[in-house]
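Since the structure comes first, as structure tokens, the remarks are kept for the end.
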Amino acid sequence: MSRLSIKTPNKAQTVVEELYRDVERRITASPPGLCPVDLSLAFLKLCHAQTCGKCTPCRVGLSQLEGLIEKVLDGNADMSVLATIEKTARVIKNTSDCAIGFEAANMVLKGVLGFRDDYIEHIENKRCLFNLHQPVPCVALCPAGVDIPGYIALISNERYADSVRLIRKDNPFPAACAMVCEHPCEARCRRNMVDDAINIRALKRYAIDMAGVVPVPERAECTGKSIAVIGGGPGGLSAAYYLSLMGHRVEVFEKRASLGGMLRYGIPSYRLPRERLQEDIDAILSTGVLTHLGVEIGKDITIPEIKEKFDCIYISIGAHTDKKMGIEGEGMRGVISAVEMLRNIGDGTLPDFKNKRVVVVGGGNVAMDCTRSAKRLGASSVTCVYRRRKIDMTALPEEVEGAISEGCEVLCLNAPLRIAGDSDENVTALWVQPQIIGDIGDDGRPKPRKADTQPMRIPCDIIIVAIGQGIETQPFEEFGVPIKRGVIDALASSDVANIEGVFAGGDCVTGPATVIRAIAAGKVAAANIDEYLGYNHAITVDVDIPNARLGSRPPCGRVNAAERSAGERNIDFNLIECGFTHEEAMQESRRCLRCDHYGYGTFKGGRVKKW
């Protein structure tokens with residue numbers, strides 16, 4: 001008999017691996033709205049099943065924790081049980097011999113501290129807070145709360161105009177979001193439990209492409225109230241749209257020559273064609289919104305002057321100022337900010353990078369936009385320098401891979417050290433310090449630190465700094481608007497504390513974020529401004545959602561939108577992504593599991609017909 005043999009997976013092990021993948025898919029598809037106490041218990045039992053049983057903290061302690069949490073869920077606990085759960089979890093965390101016991105106890109401990117109110121609700125009132133509201137996963141993940149299953153069902157029935165109308169109930173930028181939304185809704189799509197998430201963003205684009213011009217709803221009766229919106233970006237225009245539909249007079253004050261904010265001045269046209277953005281803006285303005293372009297707050301008009309003329313003010317100025325690296329040589333010719341570069345492109349003034357060696361510093365979507373734009377502007381080489389790993393980049397993975405396929409280089413784990421120049425102060429090189437990845441920080445990402453390696457010289461003619469943006473706070477600070485850590489300090493309801501009739505939202509409150517979050521902030525502000533003015537207008541739409549189709553939904557591959565070839569697209573600013581064909585759209589839309597009918601949507605909170 002052989003002493004050793006080659007290990008090959010047997011049938012049992014193959015099935016176990018499939019079960020692991022099934023569990024992973026179920027965890028991936030877990031929607032917001034599940035009871036966190038119950039979820040903690042499920043994860044705890046999963047961890048307990050994996051323990052070796054050699055140490056008492058794992059073998060006995062985890063079992064005791066399970067019993068204590070079950071008491072809470074069964075309504076048989078008092079507040080002393082909660083204290084025992086916390087104490088037991090701490091003991092297991094500190095004494096367990098392996099990572100399983102440590103992490104399982106730490107997970108319970110995080111829960112006791114993080115959602116203590118839910119434990120207390122189970123103990124004192126014998127009920128779960130989350131049973132009162134069971135949202136559809138994709139809708140819950142959309143910051144604006146768009147009725148995603150509804151408009152996908154309408155697409156499946158070829159009712160494209162109705163689909164756009166339903167989207168506009170919660171998001172007045174359907175065309176722009178169809179192109180550039182980061183689609184957080186797909187993260188918890190329950191189709192992940194079967195195969196892969198629905199391609200929601202691409203389906204939205206198909207509806208936009210097929211619908212043509214869809215008129216906006218009729219305005220409510222004029223209220224005689226007036227609102228000034230400062231900032232003509234997605235957040236400001238969203239608030240203006242809904243407030244105008246409610247019957248209020250809305251005037252937008254925009255510093256730039258055109259509306260759109262970062263949609264126009266921060267996203268290149270190869271991702272968002274200007275004519276598609278203009279479609280959304282024209283629809284918003286058709287509600288009667290008035291605009292004042294080229295108006296700078298604090299210079300052309302002051303906040304007190306605006307406050308005197310209007311009943312309310314909504315500040316949504318975005319984050320349009322650049323941040324500095326703070327390294328030697330940053331003032332040399334050839335160092336430009338990402339904000340400046342993309343703003344010039346948005347205005348139609350294209351920089352001349354022909355035969356230039358370009359280095360972009362940063363790892364977000366703005367850095368990728370600059371990297372890919374530089375290639376289209378004729379640069380002989382483009383290198384994106386990032387101090388962390390590629391997996392840690394905040395840019396969308398498809399943006400990073402797109403840049404690489406177009407001939408750009410992504411140089412990770414290198415931190416800018418200093419900029420070198422010639423005798424005329426022109427950039428000649430960027431010196432970088434190689435990094436090594438280290439401990440995981442509070443943000444969940446591992447922190448880089450200086451590696452024991454010599455600095456490296458990257459020859460270049462242009463350096464584009466894309467490490468973040470800030471806001472212009474001075475005119476607002478002078479008026480008394482509270483500023484905290486460089487952003488406006490506003491409440492979750494968009495109210496600015498201690499200043500009557502002033503609201504704020506979007507990037508100027510949260511810092512640079514996504515388009516859909518700015519739109520959501522505008523929607524929240526519109527609702528609360530309307531209430532502040534003494535009204536309760538409802539935004540609704542008279543679209544009937546098709547009934548769910550009966551029948552099986554077998555596993556089926558996700559359809560991804562095609563793109564123009566890299567060699568063709570990297571020389572112009574024409575749209576990269578190709579839309580769905582009719583066949584692709586019908587197949588993809590019919591993959592939807594209709595959670596709004598068969599799942600959470602049948603409960604309270606599943607479908608919000610008006611707000």
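The chains in the structure tokens are called A, B, ... from first to last as shown; in each chain the residues are counted from 1, and the ligands are counted from 1 in the order shown.
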Between range 281-392 of chain A and range 167-179 of chain A, at 9 Å or less, what are the per-residue closest atom pairs and their distances in Å? Count only C-alpha atoms, order by chain and rising residue number, and return it as a tab-separated table.
residue	atom	partner	partner_atom	distance
A:Ile281	CA	A:Phe173	CA	7.9
A:Ala283	CA	A:Pro172	CA	8.2
A:Ile284	CA	A:Pro172	CA	7.1
Contact residues around Asp38 in chain A with only C-alpha atoms at 10 Å, ignoring same-chain residues under 2 positions, as a list in words: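 Listed by chain and then number, they are Leu34, Cys35, Pro36, Ser40, Leu41, Ala42, Phe43, Leu44, Ile69, Glu70, Val72, Leu73 and Cys128 of chain A.
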Please give the complete set of residues from range 219-322 of chain A that DSSP, run on the backbone, assigns to strand (DSSP E or B), formatted as a list in words. Ser226, Ile227, Ala228, Val229, Ile230, Arg249, Val250, Glu251, Val252, Phe253, Glu254, Leu290, Thr291, His292, Leu293, Ile297, Ile301, Cys312, Ile313, Tyr314, Ile315, Thr321 and Asp322 of chain A
Given the selection you just returned, output its residues as a file containing N, CA and C atoms, formatted as a compact mmCIF listing (two decimals), in the first residue's frame.
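After the write, out.txt holds the following:
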# COMPACT_ATOMS: atom_id res chain seq x y z
N SER A 226 -41.35 81.14 -1.89
CA SER A 226 -40.17 81.16 -2.76
C SER A 226 -38.97 80.54 -2.05
N ILE A 227 -38.19 79.79 -2.81
CA ILE A 227 -36.99 79.12 -2.28
C ILE A 227 -35.81 79.43 -3.16
N ALA A 228 -34.68 79.79 -2.56
CA ALA A 228 -33.43 79.98 -3.28
C ALA A 228 -32.58 78.73 -3.11
N VAL A 229 -32.14 78.16 -4.22
CA VAL A 229 -31.25 77.00 -4.18
C VAL A 229 -29.87 77.48 -4.61
N ILE A 230 -28.90 77.34 -3.74
CA ILE A 230 -27.53 77.77 -4.03
C ILE A 230 -26.74 76.56 -4.48
N ARG A 249 -42.16 78.65 -5.83
CA ARG A 249 -41.30 79.33 -6.80
C ARG A 249 -39.84 79.07 -6.40
N VAL A 250 -39.08 78.52 -7.34
CA VAL A 250 -37.70 78.12 -7.04
C VAL A 250 -36.74 78.83 -8.00
N GLU A 251 -35.69 79.42 -7.44
CA GLU A 251 -34.64 80.04 -8.23
C GLU A 251 -33.30 79.44 -7.83
N VAL A 252 -32.53 79.04 -8.84
CA VAL A 252 -31.23 78.40 -8.62
C VAL A 252 -30.12 79.39 -8.93
N PHE A 253 -29.16 79.52 -8.01
CA PHE A 253 -27.99 80.38 -8.19
C PHE A 253 -26.77 79.49 -8.41
N GLU A 254 -26.17 79.61 -9.61
CA GLU A 254 -25.05 78.74 -9.98
C GLU A 254 -23.83 79.58 -10.36
N LEU A 290 -36.39 78.70 -12.17
CA LEU A 290 -35.63 79.81 -12.73
C LEU A 290 -34.16 79.66 -12.36
N THR A 291 -33.26 80.09 -13.24
CA THR A 291 -31.83 79.94 -12.98
C THR A 291 -31.09 81.26 -13.14
N HIS A 292 -30.04 81.41 -12.34
CA HIS A 292 -29.13 82.56 -12.42
C HIS A 292 -27.72 82.00 -12.55
N LEU A 293 -27.15 82.04 -13.75
CA LEU A 293 -25.84 81.45 -13.99
C LEU A 293 -24.74 82.50 -13.84
N ILE A 297 -21.65 83.49 -4.90
CA ILE A 297 -22.15 83.89 -3.59
C ILE A 297 -21.03 84.59 -2.81
N ILE A 301 -23.68 88.37 -5.06
CA ILE A 301 -24.84 88.49 -4.17
C ILE A 301 -24.48 87.85 -2.84
N CYS A 312 -37.03 80.60 2.00
CA CYS A 312 -36.15 79.51 2.40
C CYS A 312 -34.90 79.50 1.53
N ILE A 313 -33.82 78.94 2.06
CA ILE A 313 -32.58 78.76 1.30
C ILE A 313 -32.14 77.31 1.43
N TYR A 314 -31.76 76.72 0.30
CA TYR A 314 -31.15 75.38 0.33
C TYR A 314 -29.74 75.50 -0.24
N ILE A 315 -28.75 75.18 0.57
CA ILE A 315 -27.34 75.26 0.16
C ILE A 315 -26.90 73.88 -0.32
N THR A 321 -13.38 72.56 -4.60
CA THR A 321 -12.02 73.06 -4.41
C THR A 321 -11.07 71.87 -4.27
N ASP A 322 -9.87 72.03 -4.74
CA ASP A 322 -8.91 70.93 -4.75
C ASP A 322 -8.12 70.87 -3.43
Set the distance at 12 Å and use only C-alpha atoms: which residues neighbour range 117-120 of chain A once local chain neighbours fewer than 2 positions away are removed? I'd like the list as an MDAnalysis selection string. chainID A and resid 34:40 68:75 77:83 85:86 108 111:115 122:131
Would you mind writing down, as a PyMOL selection string, each residue of range 354-584 of chain A that DSSP on the backbone assigns to helix (DSSP H, G or I)? chain A and resi 365-376+390-392+397-405+474-479+507-510+515-532+566-569+582-584
Given the choices A:Lys375, A:Arg590, A:Arg387, A:Arg264, which gets closest to Phe353 in chain A if the distance is worked out from only C-alpha atoms? A:Lys375
